[in-house]
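Enquirer: Here you go, this is upload.txt (compact mmCIF, C-alpha atoms).
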# COMPACT_ATOMS: atom_id res chain seq x y z
CA MET A 1 -1.24 -49.00 -0.58
CA THR A 2 -4.60 -48.89 1.12
CA LYS A 3 -7.45 -47.68 -1.00
CA ILE A 4 -10.30 -45.76 0.56
CA ARG A 5 -13.60 -46.11 -1.20
CA ILE A 6 -16.28 -43.50 -0.62
CA THR A 7 -19.81 -44.25 -1.74
CA THR A 8 -22.01 -41.61 -3.32
CA GLU A 9 -24.26 -41.63 -0.26
CA GLU A 10 -21.31 -41.18 2.10
CA GLY A 11 -19.94 -38.41 -0.12
CA ASP A 12 -23.29 -36.62 0.09
CA ARG A 13 -23.24 -36.89 3.87
CA ARG A 14 -19.72 -35.46 4.03
CA LEU A 15 -20.73 -32.62 1.73
CA THR A 16 -23.76 -31.91 3.93
CA ARG A 17 -21.57 -31.80 7.05
CA LEU A 18 -19.10 -29.52 5.27
CA LEU A 19 -21.88 -27.16 4.18
CA HIS A 20 -23.25 -27.11 7.72
CA TYR A 21 -20.00 -25.78 9.16
CA LEU A 22 -19.26 -23.28 6.43
CA THR A 23 -19.42 -19.67 7.58
CA ASP A 24 -20.13 -18.71 3.97
CA TYR A 25 -23.47 -19.46 2.42
CA ILE A 26 -24.13 -21.68 -0.60
CA TYR A 27 -27.40 -21.72 -2.49
CA THR A 28 -28.63 -23.58 -5.56
CA VAL A 29 -31.27 -22.46 -8.05
CA LYS A 30 -32.79 -25.16 -10.29
CA LEU A 31 -34.11 -23.97 -13.65
CA GLN A 32 -36.64 -25.10 -16.20
CA ASP A 33 -36.73 -23.25 -19.53
CA GLY A 34 -34.81 -20.36 -17.95
CA ILE A 35 -37.24 -20.01 -15.02
CA ALA A 36 -36.33 -20.75 -11.40
CA VAL A 37 -38.46 -23.63 -10.16
CA GLU A 38 -36.68 -24.47 -6.92
CA THR A 39 -34.13 -22.77 -4.69
CA TYR A 40 -32.12 -24.38 -1.92
CA HIS A 41 -30.40 -22.20 0.72
CA GLY A 42 -27.61 -24.00 2.54
CA PRO A 43 -27.34 -24.02 6.35
CA GLY A 44 -24.62 -21.34 6.22
CA CYS A 45 -27.28 -18.78 5.31
CA VAL A 46 -28.05 -18.21 8.99
CA ASN A 47 -24.45 -17.10 9.59
CA VAL A 48 -24.69 -14.46 6.87
CA THR A 49 -28.33 -13.36 6.91
CA GLY A 50 -29.66 -14.42 10.32
CA TYR A 51 -32.38 -16.43 8.54
CA THR A 52 -32.38 -20.25 8.47
CA SER A 53 -32.84 -22.54 5.49
CA ARG A 54 -36.39 -23.20 6.70
CA ASP A 55 -37.12 -19.44 6.77
CA HIS A 56 -36.08 -19.23 3.13
CA ALA A 57 -38.04 -22.35 2.20
CA GLU A 58 -41.23 -21.00 3.81
CA ASP A 59 -40.84 -17.55 2.26
CA THR A 60 -39.58 -17.78 -1.32
CA GLU A 61 -39.31 -13.97 -1.69
CA LEU A 62 -37.18 -13.55 1.44
CA TRP A 63 -33.90 -13.59 -0.51
CA TYR A 64 -35.05 -10.56 -2.52
CA ARG A 65 -36.72 -8.60 0.29
CA MET A 66 -33.60 -8.63 2.44
CA VAL A 67 -31.54 -7.00 -0.33
CA TYR A 68 -30.84 -3.32 0.36
CA ASP A 69 -33.17 -1.19 -1.79
CA ASP A 70 -30.42 0.62 -3.71
CA ASP A 71 -28.85 -2.73 -4.71
CA LYS A 72 -31.97 -4.66 -5.76
CA GLU A 73 -31.73 -3.81 -9.45
CA ALA A 74 -28.13 -5.10 -9.67
CA VAL A 75 -29.03 -8.30 -7.77
CA LEU A 76 -32.02 -8.97 -10.06
CA LYS A 77 -29.85 -8.44 -13.14
CA GLN A 78 -27.28 -10.92 -11.85
CA ALA A 79 -30.04 -13.50 -11.27
CA ARG A 80 -31.60 -12.89 -14.73
CA ASP A 81 -28.24 -13.19 -16.47
CA ALA A 82 -27.44 -16.43 -14.63
CA SER A 83 -30.86 -17.88 -15.50
CA THR A 84 -30.26 -17.26 -19.21
CA GLY A 85 -26.78 -18.78 -19.15
CA ILE A 86 -24.73 -15.58 -19.11
CA ASP A 87 -21.57 -15.79 -17.03
CA THR A 88 -21.80 -13.10 -14.37
CA PRO A 89 -18.92 -11.55 -12.44
CA PRO A 90 -19.07 -11.62 -8.62
CA LEU A 91 -21.40 -8.95 -7.28
CA GLU A 92 -20.84 -7.01 -4.07
CA HIS A 93 -24.05 -5.72 -2.54
CA ARG A 94 -25.78 -5.01 0.76
CA ILE A 95 -28.40 -7.00 2.62
CA ILE A 96 -30.48 -6.22 5.68
CA HIS A 97 -29.67 -8.82 8.33
CA ARG A 98 -32.41 -10.30 10.46
CA ASP A 99 -31.21 -8.11 13.36
CA GLY A 100 -31.79 -4.98 11.24
CA SER A 101 -28.12 -4.22 10.57
CA ILE A 102 -26.83 -3.63 7.06
CA ARG A 103 -24.21 -6.15 5.89
CA TRP A 104 -22.06 -6.30 2.78
CA VAL A 105 -21.86 -9.61 0.87
CA LYS A 106 -20.09 -10.91 -2.22
CA ASN A 107 -22.27 -13.14 -4.44
CA THR A 108 -20.36 -15.45 -6.80
CA ILE A 109 -22.34 -17.58 -9.26
CA VAL A 110 -21.29 -20.79 -11.10
CA LEU A 111 -23.48 -22.00 -14.00
CA SER A 112 -24.43 -25.65 -14.60
CA LYS A 113 -25.40 -26.70 -18.16
CA ASP A 114 -26.09 -29.97 -19.95
CA ILE A 115 -23.96 -31.25 -22.83
CA LEU A 116 -26.02 -29.19 -25.26
CA GLY A 117 -25.42 -26.00 -23.30
CA LYS A 118 -28.91 -25.79 -21.85
CA MET A 119 -29.08 -24.24 -18.38
CA LEU A 120 -29.97 -26.72 -15.65
CA SER A 121 -29.14 -24.73 -12.52
CA TYR A 122 -26.67 -22.36 -10.97
CA ASP A 123 -24.90 -22.36 -7.63
CA GLY A 124 -24.08 -19.28 -5.64
CA LEU A 125 -21.57 -18.63 -2.91
CA ILE A 126 -22.34 -15.67 -0.66
CA THR A 127 -19.49 -14.42 1.50
CA GLU A 128 -19.90 -11.69 4.09
CA ILE A 129 -17.43 -8.86 3.42
CA THR A 130 -18.72 -6.20 5.81
CA GLU A 131 -15.43 -5.85 7.67
CA LEU A 132 -13.50 -5.82 4.39
CA LYS A 133 -15.69 -3.00 3.03
CA LYS A 134 -15.23 -1.04 6.26
CA ALA A 135 -11.46 -1.52 5.99
CA GLU A 136 -11.51 -0.40 2.35
CA GLU A 137 -13.58 2.67 3.22
CA LEU A 138 -11.32 3.49 6.16
CA ASN A 139 -8.25 3.14 3.95
CA ALA A 140 -9.80 5.43 1.32
CA ILE A 141 -10.61 8.01 3.98
CA LYS A 142 -7.09 7.78 5.40
CA GLN A 143 -5.67 8.36 1.93
CA LYS A 144 -7.86 11.45 1.57
CA GLN A 145 -6.71 12.59 5.01
CA LEU A 146 -3.06 12.22 4.03
CA ILE A 147 -3.70 14.30 0.92
CA GLN A 148 -5.58 16.85 3.01
CA ALA A 149 -2.77 16.90 5.59
CA ASP A 150 -0.25 17.64 2.85
CA LYS A 151 -2.48 20.47 1.63
CA MET A 152 -2.76 21.87 5.14
CA VAL A 153 1.04 21.81 5.57
CA ALA A 154 1.40 23.67 2.28
CA LEU A 155 -1.40 26.05 3.30
CA GLY A 156 0.26 26.74 6.64
CA THR A 157 3.46 27.68 4.81
CA MET A 158 1.54 29.87 2.39
CA VAL A 159 -0.43 31.63 5.14
CA GLY A 160 2.75 33.01 6.71
CA GLY A 161 3.95 34.44 3.39
CA LEU A 162 0.47 35.68 2.48
CA ALA A 163 0.07 37.43 5.82
CA HIS A 164 3.40 39.19 5.27
CA GLU A 165 2.35 40.31 1.77
CA VAL A 166 -1.01 41.59 3.05
CA ASN A 167 0.44 43.33 6.10
CA ASN A 168 2.89 45.46 4.11
CA PRO A 169 0.26 47.43 2.13
CA ASN A 170 -2.10 47.21 5.10
CA ASN A 171 0.40 48.98 7.34
CA PHE A 172 0.96 51.59 4.60
CA ILE A 173 -2.82 52.26 4.51
CA LEU A 174 -2.94 52.49 8.31
CA LEU A 175 -0.09 55.01 8.54
CA ASN A 176 -1.57 57.19 5.79
CA ALA A 177 -5.08 57.08 7.28
CA GLN A 178 -3.73 58.07 10.69
CA PHE A 179 -1.68 60.85 9.05
CA LEU A 180 -4.71 62.20 7.14
CA GLN A 181 -6.81 62.03 10.30
CA LYS A 182 -4.23 64.18 12.13
CA VAL A 183 -3.98 66.57 9.16
CA PHE A 184 -7.73 67.13 9.15
CA ILE A 185 -7.89 67.66 12.92
CA ASP A 186 -5.03 70.21 12.73
CA THR A 187 -6.55 71.94 9.68
CA TYR A 188 -10.10 72.04 10.97
CA PRO A 189 -9.75 75.28 13.08
CA ILE A 190 -8.43 77.17 9.99
CA LEU A 191 -11.28 75.85 7.83
CA LYS A 192 -13.77 76.70 10.52
CA GLU A 193 -12.50 80.30 10.73
CA TYR A 194 -12.71 80.61 6.94
CA HIS A 195 -16.28 79.25 7.06
CA GLU A 196 -17.31 81.81 9.67
CA GLN A 197 -15.84 84.71 7.63
CA ASN A 198 -16.83 83.66 4.10
CA GLY A 199 -19.83 81.39 4.46
CA ASP A 200 -20.33 77.71 3.67
CA PHE A 201 -18.27 75.85 1.08
CA THR A 202 -17.93 72.21 0.02
CA LEU A 203 -15.30 69.55 0.61
CA ALA A 204 -15.52 66.59 -1.80
CA GLY A 205 -19.11 67.56 -2.57
CA VAL A 206 -20.12 67.81 1.10
CA SER A 207 -20.88 71.17 2.78
CA PHE A 208 -18.29 72.15 5.34
CA ALA A 209 -20.97 72.28 8.06
CA ALA A 210 -21.61 68.53 7.61
CA SER A 211 -18.11 67.51 6.61
CA LYS A 212 -16.35 67.21 9.94
CA GLU A 213 -18.23 64.18 11.26
CA LYS A 214 -18.38 62.48 7.86
CA ILE A 215 -14.65 62.90 7.15
CA LEU A 216 -13.63 61.79 10.64
CA GLN A 217 -16.01 58.78 10.45
CA SER A 218 -14.59 57.81 7.05
CA LEU A 219 -10.99 57.99 8.26
CA GLN A 220 -11.85 56.10 11.45
CA GLY A 221 -13.64 53.46 9.35
CA ILE A 222 -10.47 52.97 7.27
CA ILE A 223 -8.36 52.62 10.42
CA GLU A 224 -10.77 50.10 11.99
CA GLY A 225 -10.92 48.12 8.74
CA VAL A 226 -7.12 47.99 8.59
CA MET A 227 -6.96 46.83 12.21
CA ARG A 228 -9.50 44.11 11.42
CA VAL A 229 -7.37 42.87 8.51
CA ARG A 230 -4.36 42.88 10.84
CA GLY A 231 -6.32 40.84 13.40
CA ILE A 232 -7.44 38.30 10.77
CA THR A 233 -3.92 37.77 9.42
CA LYS A 234 -2.56 37.40 12.96
CA ASN A 235 -5.20 34.81 13.86
CA LEU A 236 -4.58 32.90 10.63
CA THR A 237 -0.82 32.79 11.17
CA ASP A 238 -1.28 31.78 14.83
CA TYR A 239 -3.76 29.06 13.81
CA ALA A 240 -1.40 27.76 11.10
CA LYS A 241 1.56 27.47 13.49
CA LYS A 242 2.62 23.99 14.53
CA ASP A 243 0.82 23.00 17.72
CA THR A 244 3.22 21.96 20.48
CA GLY A 245 0.44 20.26 22.43
CA ASP A 246 1.26 22.34 25.51
CA LEU A 247 -1.73 22.42 27.89
CA SER A 248 -0.18 24.85 30.37
CA GLN A 249 -0.82 28.09 28.46
CA GLU A 250 -2.88 30.81 30.13
CA VAL A 251 -6.21 30.85 28.31
CA ASN A 252 -8.88 33.53 28.30
CA ILE A 253 -11.90 31.77 26.81
CA ASN A 254 -13.48 35.03 25.65
CA ARG A 255 -10.36 35.88 23.61
CA VAL A 256 -10.26 32.34 22.16
CA ILE A 257 -13.88 32.74 21.03
CA GLU A 258 -13.07 36.13 19.47
CA GLY A 259 -10.30 34.49 17.45
CA ALA A 260 -12.54 31.65 16.28
CA VAL A 261 -15.31 34.08 15.31
CA LEU A 262 -12.85 36.24 13.39
CA ILE A 263 -11.69 33.23 11.32
CA THR A 264 -15.24 31.93 10.68
CA GLY A 265 -16.75 35.40 10.22
CA ASN A 266 -17.26 35.15 6.47
CA LYS A 267 -18.96 31.75 6.69
CA VAL A 268 -21.22 33.03 9.46
CA LYS A 269 -22.26 36.06 7.37
CA LEU A 270 -23.09 33.82 4.42
CA SER A 271 -25.10 31.40 6.61
CA THR A 272 -27.25 33.52 8.92
CA ASN A 273 -28.61 36.98 9.52
CA SER A 274 -28.69 36.36 13.26
CA PHE A 275 -25.46 35.46 15.06
CA GLU A 276 -25.37 36.34 18.75
CA ILE A 277 -22.45 36.12 21.16
CA VAL A 278 -22.87 36.55 24.91
CA TYR A 279 -19.57 36.75 26.76
CA ASP A 280 -19.11 36.38 30.50
CA GLU A 281 -16.39 38.78 31.59
CA ARG A 282 -16.18 36.96 34.94
CA VAL A 283 -14.53 33.88 33.38
CA PRO A 284 -11.17 33.21 34.99
CA ILE A 285 -7.93 32.52 33.18
CA ILE A 286 -7.51 28.74 32.87
CA LYS A 287 -4.70 26.43 31.84
CA GLY A 288 -4.95 24.85 28.40
CA ASN A 289 -3.96 25.10 24.76
CA ILE A 290 -5.23 28.20 22.96
CA GLN A 291 -4.79 26.78 19.45
CA GLN A 292 -6.55 23.51 20.24
CA LEU A 293 -9.53 25.18 21.94
CA GLU A 294 -9.83 27.63 19.04
CA GLN A 295 -9.87 24.64 16.67
CA VAL A 296 -12.80 23.12 18.60
CA LEU A 297 -14.80 26.36 18.45
CA ILE A 298 -14.08 26.85 14.75
CA ASN A 299 -15.38 23.33 14.12
CA LEU A 300 -18.55 23.82 16.19
CA ILE A 301 -19.34 27.20 14.60
CA THR A 302 -18.72 25.76 11.11
CA ASN A 303 -21.00 22.78 11.83
CA ALA A 304 -23.71 25.13 13.09
CA CYS A 305 -23.47 27.21 9.89
CA GLU A 306 -23.68 24.13 7.68
CA SER A 307 -26.76 22.84 9.52
CA LEU A 308 -28.83 25.95 8.74
CA GLN A 309 -31.35 25.70 5.93
CA ASN A 310 -31.98 29.45 5.52
CA LYS A 311 -30.47 32.73 6.73
CA ASP A 312 -33.39 33.47 9.05
CA GLN A 313 -32.34 30.62 11.35
CA LYS A 314 -30.18 31.69 14.28
CA ILE A 315 -26.86 30.74 15.82
CA SER A 316 -25.95 31.80 19.35
CA LEU A 317 -22.73 31.39 21.29
CA THR A 318 -22.91 31.81 25.05
CA VAL A 319 -20.20 31.78 27.71
CA ILE A 320 -21.21 31.08 31.32
CA ASN A 321 -18.98 31.06 34.39
CA LYS A 322 -20.49 28.54 36.83
CA LYS A 323 -18.50 29.74 39.81
CA GLU A 324 -20.29 27.45 42.26
CA ASN A 325 -19.22 24.42 40.19
CA LYS A 326 -15.87 25.93 39.12
CA GLN A 327 -16.83 25.39 35.49
CA ILE A 328 -16.76 27.44 32.31
CA ARG A 329 -19.53 26.48 29.90
CA ILE A 330 -19.51 27.46 26.22
CA ILE A 331 -22.72 26.69 24.33
CA VAL A 332 -23.02 26.85 20.55
CA ASP A 333 -26.72 26.68 19.72
CA ASP A 334 -28.28 26.61 16.24
CA GLU A 335 -31.77 26.35 14.75
CA GLY A 336 -30.63 24.07 11.93
CA ALA A 337 -31.63 20.65 10.62
CA GLY A 338 -30.65 18.76 13.77
CA ILE A 339 -29.30 15.23 14.09
CA ASN A 340 -31.48 12.13 14.32
CA GLU A 341 -31.21 9.86 17.34
CA GLU A 342 -29.55 7.03 15.43
CA ASN A 343 -26.72 9.23 14.12
CA LEU A 344 -26.33 11.03 17.45
CA LYS A 345 -25.07 7.77 18.99
CA TYR A 346 -22.08 7.72 16.64
CA ILE A 347 -21.37 11.46 16.42
CA PHE A 348 -17.98 11.23 18.17
CA ASP A 349 -16.83 8.07 16.33
CA PRO A 350 -13.83 8.60 14.02
CA PHE A 351 -14.78 8.85 10.32
CA PHE A 352 -18.51 8.92 11.05
CA THR A 353 -20.16 11.64 8.99
CA THR A 354 -23.47 12.40 7.32
CA LYS A 355 -21.70 14.81 4.93
CA ARG A 356 -19.45 12.37 3.05
CA SER A 357 -20.86 13.48 -0.34
CA THR A 358 -19.92 17.10 0.36
CA GLY A 359 -16.42 16.40 1.58
CA GLY A 360 -17.05 15.59 5.25
CA THR A 361 -14.39 13.38 6.84
CA GLY A 362 -16.01 12.51 10.15
CA LEU A 363 -12.94 13.70 12.06
CA GLY A 364 -14.00 17.18 13.22
CA LEU A 365 -16.13 16.16 16.20
CA TYR A 366 -13.89 13.17 16.98
CA ILE A 367 -10.86 15.47 17.25
CA SER A 368 -12.85 18.14 19.12
CA TYR A 369 -14.11 15.56 21.63
CA ASN A 370 -10.57 14.35 22.33
CA ILE A 371 -9.21 17.90 22.66
CA ILE A 372 -11.81 18.73 25.30
CA LYS A 373 -11.18 15.40 27.07
CA SER A 374 -7.43 16.15 27.13
CA HIS A 375 -8.32 19.43 28.89
CA GLY A 376 -10.23 17.45 31.51
CA GLY A 377 -13.56 18.68 30.22
CA GLU A 378 -16.66 17.42 28.46
CA LEU A 379 -18.25 17.98 25.06
CA ILE A 380 -22.00 17.29 25.11
CA ILE A 381 -24.22 17.44 22.03
CA LYS A 382 -28.02 17.49 22.20
CA SER A 383 -30.17 17.68 19.11
CA VAL A 384 -33.77 17.55 17.93
CA PRO A 385 -34.32 16.82 14.21
CA GLY A 386 -35.85 19.83 12.50
CA LYS A 387 -35.30 22.12 15.50
CA GLY A 388 -31.57 22.41 15.94
CA THR A 389 -28.49 21.36 17.89
CA ALA A 390 -26.83 22.54 21.09
CA CYS A 391 -23.13 21.81 21.62
CA GLU A 392 -21.87 22.43 25.15
CA ILE A 393 -18.22 22.55 26.18
CA ILE A 394 -17.60 22.19 29.91
CA LEU A 395 -14.14 23.17 31.19
CA ASN A 396 -13.22 22.81 34.84
CA TYR A 397 -10.91 25.17 36.72
CA THR A 398 -9.45 25.61 40.16
CA GLU A 399 -9.28 28.93 41.98
CA GLU A 400 -5.80 29.97 42.99
Translate the structure described by the file into structure tokens.
Expert:
Amino acid sequence: MTKIRITTEEGDRRLTRLLHYLTDYIYTVKLQDGIAVETYHGPGCVNVTGYTSRDHAEDTELWYRMVYDDDKEAVLKQARDASTGIDTPPLEHRIIHRDGSIRWVKNTIVLSKDILGKMLSYDGLITEITELKKAEELNAIKQKQLIQADKMVALGTMVGGLAHEVNNPNNFILLNAQFLQKVFIDTYPILKEYHEQNGDFTLAGVSFAASKEKILQSLQGIIEGVMRVRGITKNLTDYAKKDTGDLSQEVNINRVIEGAVLITGNKVKLSTNSFEIVYDERVPIIKGNIQQLEQVLINLITNACESLQNKDQKISLTVINKKENKQIRIIVDDEGAGINEENLKYIFDPFFTTKRSTGGTGLGLYISYNIIKSHGGELIIKSVPGKGTACEIILNYTEE
């Protein structure tokens, strides 16, 4: 058997070469009486942080400054615990890379003590886990989406039954209101003759002279309210139906907008005192999917409502038929908080959201963008922070 003997010097050289090619990053902190007196950052640090060993040697505070602000306290605690000989679990935290991007790292520390247990130094291994954290976040979001999808399936089933339960008494109210309206119209000539012969009298506390318009307005108001409830339940059941994906339906954009506004009406009322819709009755019938286009408009109107900071800020929805370009343009404009330039670049990316803490999934605009693309159109978003956002849908058509 051949024995291979490796000297200490050769072993050090091999270790140095190994450290040089590591994609992870090893550092060593030497201690004296619990205080760091020297820190060595291995060559792998440039792979993780963008900074070289020399950068760290020339700037001893660099390791701390590049830690993301929200994570600095945890990183300092890990370093203090290690310096005093306390075993510390691996710490996951963020750093700001030399290129300005935010990276996730995992910092694992191993303590080195003398035979009496006195701390001499500690070694750290920093591994970049940015992609892992993204995968974990994506998986968590997907799990939430699966739960939400199950809820939506259940909700779709419930909506059909709920609409049926609402429509039964609603139809009863409608029939009775229409009956009472006819009764009053038929009775009015008799009451009028009595009034002329015997003088004024009251109906439900209102003088007969003023009663006709008030009673007819009240009955008409009941009928219109009932018809509105009927319209809402119909739109909800249509929206909850399974989408076949058919893009050959005949679509009247004005009617699609009316449906979306009906569904979002309550949110709009709670969000703004000024909601304006300008229809263009010249828009032609186009081919597309009514349910999908309604979904896009519901999402854009909802986003506009959520961007407002007070009810005095406005939302407008405008339809324009650009006949010369054979285009229908729908613009949803709000005076809300706006979107900063950095976020605007990622607005159509799946799972990107600035509203994660309030339940945002980052799928609304991604899905909307793809729906409009599947219709051969464009979805363009322009925004100025503090002044508002304009979302423009462009749908092309051909004249037959």
Enquirer: Identify which of the residues A:Gly388, A:Arg94, A:Lys234, A:Gly364 lies closest to A:Asn299, counting all atoms listed in the file when measuring atom-to-atom distances.
Expert: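 The shortest atom-to-atom distance to A:Asn299 comes from A:Gly364.
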Enquirer: For a test of reading the model, state the distance in Å between atom CA of A:Val226 and atom CA of A:Glu276, rounded to one decimal.
Expert: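 The value is 23.9 Å.
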Enquirer: In Å, rounded to a single decimal, give me how far atom CA of A:Leu379 is from atom CA of A:Gly338.
Expert: 16.8 Å
Enquirer: For A:Glu58, work out the shell of residues within 12 Å, counting all atoms listed in the file and skipping chain neighbours fewer than 6 positions away, then give it as a list in words.
Expert: Thr39, Tyr40, His41, Tyr51 and Thr52 of chain A
Enquirer: Considering all atoms listed in the file, can you say which of A:Ile222, A:Asp312, A:Thr389, A:Gly42 comes closest to A:Asn171?
Expert: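 Of A:Ile222, A:Asp312, A:Thr389, A:Gly42, the one nearest A:Asn171 is A:Ile222, counting all atoms listed in the file.
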Enquirer: Which centre and edge lengths in Å to one decimal define the box along x, y and z that fits every listed atom of stretch 301-319 of chain A plus 3 Å per side, as JSON?
Expert:
{"center_x": -26.1, "center_y": 28.1, "center_z": 16.6, "size_x": 20.7, "size_y": 16.7, "size_z": 28.2}
Enquirer: What is the atom CA of A:Met227 to atom CA of A:Ser274 distance in Å?
Expert: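 That distance, rounded to one decimal, is 24.1 Å.
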Enquirer: With only C-alpha atoms as the basis for distance, which of A:Ile263, A:Ile286, A:Leu216, A:Ala210 is at the shortest distance from A:Gln178?
Expert: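 Using only C-alpha atoms, the shortest distance to A:Gln178 belongs to A:Leu216.
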Enquirer: In terms of the shortest atom-to-atom distance over all atoms listed in the file, which of A:Asn168, A:Ser112, A:Thr187, A:Ser121 is closest to A:Glu38?
Expert: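 Answer, going by the shortest atom-to-atom distance: A:Ser121.
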Enquirer: Take the point (-15.3, 32.1, 36.2) in the file's coordinates, draw a sphere of radius 8 Å around it, and report as a list in words every protein, DNA or RNA residue with an atom inside or on it, counting all atoms listed in the file.
Expert: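 All residues meeting the 8 Å criterion around (-15.3, 32.1, 36.2) are Arg282, Val283, Pro284, Ile285, Ile320, Asn321, Lys322, Lys323, Lys326, Gln327 and Ile328 of chain A.
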Enquirer: Ranking A:Gln249, A:Ser218, A:Ser207, A:Thr237 by minimum distance to A:Lys287 and counting only C-alpha atoms, which one comes first?
Expert: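 Residue with the minimum atom-to-atom distance to A:Lys287: A:Gln249.
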Enquirer: Under the rule that only C-alpha atoms are counted, which of A:Thr84, A:Asn343, A:Asn370, A:Thr49 is the nearest residue to A:Ile126?
Expert: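 Of all the options, A:Thr49 lies closest to A:Ile126.
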Enquirer: If you count all atoms listed in the file, which residues fall within 12 Å of A:Arg228, apart from same-chain ones fewer than 4 positions away, as a compact mmCIF listing (two decimals) with C-alpha atoms, in the frame of the given file?
Expert:
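Result written to selection_13.txt:
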# COMPACT_ATOMS: atom_id res chain seq x y z
CA ASN A 167 0.44 43.33 6.10
CA ASN A 170 -2.10 47.21 5.10
CA ASN A 171 0.40 48.98 7.34
CA LEU A 174 -2.94 52.49 8.31
CA GLY A 221 -13.64 53.46 9.35
CA ILE A 222 -10.47 52.97 7.27
CA ILE A 223 -8.36 52.62 10.42
CA GLU A 224 -10.77 50.10 11.99
CA ILE A 232 -7.44 38.30 10.77
CA THR A 233 -3.92 37.77 9.42
CA LYS A 234 -2.56 37.40 12.96
CA ASN A 235 -5.20 34.81 13.86
CA GLU A 258 -13.07 36.13 19.47
CA GLY A 259 -10.30 34.49 17.45
CA LEU A 262 -12.85 36.24 13.39
CA ILE A 263 -11.69 33.23 11.32
CA GLY A 265 -16.75 35.40 10.22
